[in-house]
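First comes the structure, then the notes that go with it.
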Amino acid sequence: QKEVEQDPGPLSVPEGAIVSLNCTYSNSAFQYFMWYRQYSRKGPELLMYTYSSGNKEDGRFTAQVDKSSKYISLFIRDSQPSDSATYLCAMSDLSGGYQKVTFGTGTKLQVIP
Amino acid sequence: GAVVSQHPSRVICKSGTSVKIECRSLDFQATTMFWYRQFPKQSLMLMATSNEGSKATYEQGVEKDKFLINHASLTLSTLTVTSAHPEDSSFYICSAKPGGRSTDTQYFGPGTRLTVL
């Protein structure tokens with residue numbers, strides 16, 4: 001079993017739709033949770049960063065963490081064609097004294113105009 | 001702020017040659033830098049973690065003699081792929097963690113696409 005599971009998609013939605021992206025994880029030591037957006041042939045760009053369970057909102061993006069269920073989500077409201085990208089969830093703990101980040105495989109999102 | 005650059009963005013080389021990739025933090029000092037490799041439709045796989053002034057820590061299965069990492073300063077880390085072979089063709093991405101901050105945020109470079117013929 002992978003430490004982090006993420007549905008690879010692709011996920012196609014019409015412009016303006018609400019998008020829900022999810023990841024589950026098995027390592028209870030993970031303390032920090034992140035969502036990255038990666039455009040084709042580019043490096044990942046940090047979108048959201050959370051530490052505790054609950055919701056965190058930033059503009060059209062909401063990150064949700066449920067540590068009891070080991071489940072995190074990213075919601076995108078009023079999706080735009082420019083949101084079309086691969087979204088990677090990532091989690092980290094302090095392993096061996098230094099941070100180690102484990103990534104999901106990414107969900108490819110396509111927002112259709 | 002928090003910009004990380006990589007050079008080159010794309011490199012094509014012959015089998016058996018060595019390739020050096022540079023990772024620079026442009027507007028912050030990075031005590032820790034990370035090197036990842038990403039194959040098509042797969043996630044980022046951590047190769048190694050480097051701290052300025054000390055030896056890199058390699059992940060299991062990554063050959064340290066093949067992938068040489070040098071973190072010479074607080075703004076520069078280099079990855080040298082020695083005696084490259086076609087199976088080393090991949091997208092190499094570095095990230096940098098600002099020193100002295102309490103968060104665990106990493107900032108990623110734009111990546112380097114290596115093609116070994």
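Residue names in the structure tokens use chain letters A, B, ... in the order shown, residue numbers from 1 in each chain, and ligand numbers from 1 in the order shown.
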
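Residue-level contact on chain B: within 9 Å of chain A, counting only C-alpha atoms, the set is B:Lys41, B:Gln42, B:Ser43, B:Leu44, B:Met45, B:Leu46, B:Thr49, B:Phe91, B:Ile93, B:Cys94, B:Thr103, B:Asp104, B:Thr105, B:Gln106, B:Tyr107, B:Phe108, B:Gly109, B:Pro110, B:Gly111, B:Thr112, B:Arg113.
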
Residues of the last selection are to be written out with N, CA, C and O atoms, as a PDB file, in the first residue's frame.
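Saved as selection.pdb:
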```
ATOM      1  N   LYS B  41       3.711  10.816 -15.769  1.00  0.00           N
ATOM      2  CA  LYS B  41       2.510  10.334 -15.096  1.00  0.00           C
ATOM      3  C   LYS B  41       2.813   9.700 -13.734  1.00  0.00           C
ATOM      4  O   LYS B  41       2.015   8.903 -13.230  1.00  0.00           O
ATOM      5  N   GLN B  42       3.952  10.027 -13.180  1.00  0.00           N
ATOM      6  CA  GLN B  42       4.275   9.535 -11.842  1.00  0.00           C
ATOM      7  C   GLN B  42       4.556  10.711 -10.914  1.00  0.00           C
ATOM      8  O   GLN B  42       4.746  11.839 -11.351  1.00  0.00           O
ATOM      9  N   SER B  43       4.570  10.411  -9.649  1.00  0.00           N
ATOM     10  CA  SER B  43       4.780  11.471  -8.673  1.00  0.00           C
ATOM     11  C   SER B  43       6.256  11.819  -8.561  1.00  0.00           C
ATOM     12  O   SER B  43       7.122  11.149  -9.126  1.00  0.00           O
ATOM     13  N   LEU B  44       6.515  12.876  -7.832  1.00  0.00           N
ATOM     14  CA  LEU B  44       7.898  13.248  -7.562  1.00  0.00           C
ATOM     15  C   LEU B  44       8.496  12.239  -6.588  1.00  0.00           C
ATOM     16  O   LEU B  44       7.909  11.915  -5.565  1.00  0.00           O
ATOM     17  N   MET B  45       9.681  11.778  -6.927  1.00  0.00           N
ATOM     18  CA  MET B  45      10.383  10.855  -6.052  1.00  0.00           C
ATOM     19  C   MET B  45      11.617  11.554  -5.512  1.00  0.00           C
ATOM     20  O   MET B  45      12.474  11.985  -6.276  1.00  0.00           O
ATOM     21  N   LEU B  46      11.703  11.642  -4.186  1.00  0.00           N
ATOM     22  CA  LEU B  46      12.849  12.294  -3.576  1.00  0.00           C
ATOM     23  C   LEU B  46      14.098  11.462  -3.820  1.00  0.00           C
ATOM     24  O   LEU B  46      14.110  10.252  -3.560  1.00  0.00           O
ATOM     25  N   THR B  49      18.595  14.714  -0.096  1.00  0.00           N
ATOM     26  CA  THR B  49      18.468  15.966   0.659  1.00  0.00           C
ATOM     27  C   THR B  49      19.863  16.495   0.921  1.00  0.00           C
ATOM     28  O   THR B  49      20.743  15.743   1.368  1.00  0.00           O
ATOM     29  N   PHE B  91      12.634  14.026 -15.634  1.00  0.00           N
ATOM     30  CA  PHE B  91      12.446  15.429 -15.260  1.00  0.00           C
ATOM     31  C   PHE B  91      13.007  15.585 -13.854  1.00  0.00           C
ATOM     32  O   PHE B  91      12.519  14.950 -12.917  1.00  0.00           O
ATOM     33  N   ILE B  93      13.787  17.876 -10.637  1.00  0.00           N
ATOM     34  CA  ILE B  93      13.290  19.094 -10.001  1.00  0.00           C
ATOM     35  C   ILE B  93      13.981  19.272  -8.657  1.00  0.00           C
ATOM     36  O   ILE B  93      14.089  18.313  -7.878  1.00  0.00           O
ATOM     37  N   CYS B  94      14.413  20.486  -8.398  1.00  0.00           N
ATOM     38  CA  CYS B  94      14.979  20.780  -7.084  1.00  0.00           C
ATOM     39  C   CYS B  94      13.986  21.620  -6.300  1.00  0.00           C
ATOM     40  O   CYS B  94      13.082  22.243  -6.858  1.00  0.00           O
ATOM     41  N   THR B 103       8.052  27.023   9.220  1.00  0.00           N
ATOM     42  CA  THR B 103       7.199  26.204   8.352  1.00  0.00           C
ATOM     43  C   THR B 103       8.047  25.175   7.625  1.00  0.00           C
ATOM     44  O   THR B 103       9.250  25.284   7.539  1.00  0.00           O
ATOM     45  N   ASP B 104       7.392  24.191   7.078  1.00  0.00           N
ATOM     46  CA  ASP B 104       8.083  23.176   6.302  1.00  0.00           C
ATOM     47  C   ASP B 104       7.905  23.371   4.811  1.00  0.00           C
ATOM     48  O   ASP B 104       8.047  22.449   4.050  1.00  0.00           O
ATOM     49  N   THR B 105       7.571  24.557   4.399  1.00  0.00           N
ATOM     50  CA  THR B 105       7.301  24.808   2.998  1.00  0.00           C
ATOM     51  C   THR B 105       8.561  24.700   2.161  1.00  0.00           C
ATOM     52  O   THR B 105       9.622  25.207   2.530  1.00  0.00           O
ATOM     53  N   GLN B 106       8.441  24.006   1.045  1.00  0.00           N
ATOM     54  CA  GLN B 106       9.512  23.940   0.076  1.00  0.00           C
ATOM     55  C   GLN B 106       9.083  24.725  -1.154  1.00  0.00           C
ATOM     56  O   GLN B 106       7.920  24.719  -1.537  1.00  0.00           O
ATOM     57  N   TYR B 107      10.028  25.358  -1.767  1.00  0.00           N
ATOM     58  CA  TYR B 107       9.772  26.096  -3.002  1.00  0.00           C
ATOM     59  C   TYR B 107      10.512  25.392  -4.129  1.00  0.00           C
ATOM     60  O   TYR B 107      11.708  25.123  -4.020  1.00  0.00           O
ATOM     61  N   PHE B 108       9.775  25.098  -5.186  1.00  0.00           N
ATOM     62  CA  PHE B 108      10.321  24.281  -6.250  1.00  0.00           C
ATOM     63  C   PHE B 108      10.858  25.104  -7.407  1.00  0.00           C
ATOM     64  O   PHE B 108      10.343  26.182  -7.734  1.00  0.00           O
ATOM     65  N   GLY B 109      11.886  24.564  -8.018  1.00  0.00           N
ATOM     66  CA  GLY B 109      12.375  25.120  -9.262  1.00  0.00           C
ATOM     67  C   GLY B 109      11.511  24.660 -10.422  1.00  0.00           C
ATOM     68  O   GLY B 109      10.627  23.820 -10.248  1.00  0.00           O
ATOM     69  N   PRO B 110      11.764  25.198 -11.605  1.00  0.00           N
ATOM     70  CA  PRO B 110      10.945  24.865 -12.775  1.00  0.00           C
ATOM     71  C   PRO B 110      11.270  23.510 -13.387  1.00  0.00           C
ATOM     72  O   PRO B 110      10.545  23.049 -14.266  1.00  0.00           O
ATOM     73  N   GLY B 111      12.326  22.877 -12.929  1.00  0.00           N
ATOM     74  CA  GLY B 111      12.660  21.546 -13.432  1.00  0.00           C
ATOM     75  C   GLY B 111      13.635  21.567 -14.593  1.00  0.00           C
ATOM     76  O   GLY B 111      13.774  22.569 -15.308  1.00  0.00           O
ATOM     77  N   THR B 112      14.318  20.460 -14.766  1.00  0.00           N
ATOM     78  CA  THR B 112      15.247  20.253 -15.888  1.00  0.00           C
ATOM     79  C   THR B 112      14.898  18.940 -16.559  1.00  0.00           C
ATOM     80  O   THR B 112      14.879  17.900 -15.904  1.00  0.00           O
ATOM     81  N   ARG B 113      14.633  19.018 -17.852  1.00  0.00           N
ATOM     82  CA  ARG B 113      14.303  17.789 -18.573  1.00  0.00           C
ATOM     83  C   ARG B 113      15.577  17.234 -19.194  1.00  0.00           C
ATOM     84  O   ARG B 113      16.192  17.880 -20.040  1.00  0.00           O
TER      85      ARG B 113
END
```

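One finds CA of Lys70 in chain A at 26.6 Å from CA of Phe39 in chain B.
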
Requested in this report: Can you work out which one of B:Ala56, B:Ile12, B:Val3, B:Met47 has the shortest atom-to-atom distance to Thr75 in chain B, counting only C-alpha atoms?
Outcome: B:Val3

Report task. Do a neighbour search on range 10-25 of chain A at 6 Å with only C-alpha atoms, toss out local chain neighbours closer than 2 positions, and write the hits as a list in words. Result -> Glu3, Val4, Glu5, Gln6, Asn27, Lys70, Tyr71, Ile72, Ser73, Leu74, Phe75, Ile76, Arg77, Asp78, Ser79, Gln80, Lys108, Leu109, Gln110, Val111, Ile112 and Pro113 of chain A

Quick one: write out the picked residues with C-alpha atoms as a PDB file, in the first residue's frame?
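Everything below was put into out.pdb:
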```pdb
ATOM      1  CA  GLU A   3       1.701   5.943   1.871  1.00  0.00           C
ATOM      2  CA  VAL A   4      -0.318   8.483  -0.092  1.00  0.00           C
ATOM      3  CA  GLU A   5      -3.108   7.572  -2.474  1.00  0.00           C
ATOM      4  CA  GLN A   6      -4.459  10.002  -5.029  1.00  0.00           C
ATOM      5  CA  ASN A  27       1.141   7.290   7.880  1.00  0.00           C
ATOM      6  CA  LYS A  70      -6.413  10.352   7.194  1.00  0.00           C
ATOM      7  CA  TYR A  71      -8.082  12.214   4.386  1.00  0.00           C
ATOM      8  CA  ILE A  72      -7.379  15.583   2.805  1.00  0.00           C
ATOM      9  CA  SER A  73      -9.215  17.532   0.161  1.00  0.00           C
ATOM     10  CA  LEU A  74      -8.765  20.565  -2.030  1.00  0.00           C
ATOM     11  CA  PHE A  75     -11.851  22.388  -3.275  1.00  0.00           C
ATOM     12  CA  ILE A  76     -11.723  24.834  -6.163  1.00  0.00           C
ATOM     13  CA  ARG A  77     -14.724  27.132  -6.554  1.00  0.00           C
ATOM     14  CA  ASP A  78     -15.701  28.812  -9.817  1.00  0.00           C
ATOM     15  CA  SER A  79     -13.122  26.790 -11.714  1.00  0.00           C
ATOM     16  CA  GLN A  80     -11.389  28.494 -14.629  1.00  0.00           C
ATOM     17  CA  LYS A 108      -4.914  15.876 -13.787  1.00  0.00           C
ATOM     18  CA  LEU A 109      -7.681  18.466 -14.002  1.00  0.00           C
ATOM     19  CA  GLN A 110      -9.125  19.894 -17.177  1.00  0.00           C
ATOM     20  CA  VAL A 111     -11.554  22.805 -16.999  1.00  0.00           C
ATOM     21  CA  ILE A 112     -13.491  23.118 -20.217  1.00  0.00           C
ATOM     22  CA  PRO A 113     -14.546  26.628 -21.303  1.00  0.00           C
TER      23      PRO A 113
END
```

Requested in this report: Write down as a VMD selection string the residues belonging to range 30-69 of chain A that are assigned strand (DSSP E or B) by DSSP computed on the backbone.
Outcome: chain A and resid 32 to 38 45 to 50 54 to 58 61 to 66

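The spacing separating CA of Leu26 in chain B from CA of Ser5 in chain B amounts to 7.0 Å.
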
Query raised in the report: What does the distance from CA of Lys14 in chain B to CA of Thr78 in chain B come to in Å, to one decimal?
Result: 19.9 Å

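Shortest atom-to-atom contact with Tyr92 in chain B among B:Gln38, B:Asn70, B:Ser15, B:Thr32: B:Gln38, counting only C-alpha atoms.
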
Query raised in the report: Do you know which residues are at most 9 Å from range 63-66 of chain B counting only C-alpha atoms, after dropping those on the same chain fewer than 5 positions away, and could you put them as a PyMOL selection string?
Result: chain B and resi 48+56-58+80-84
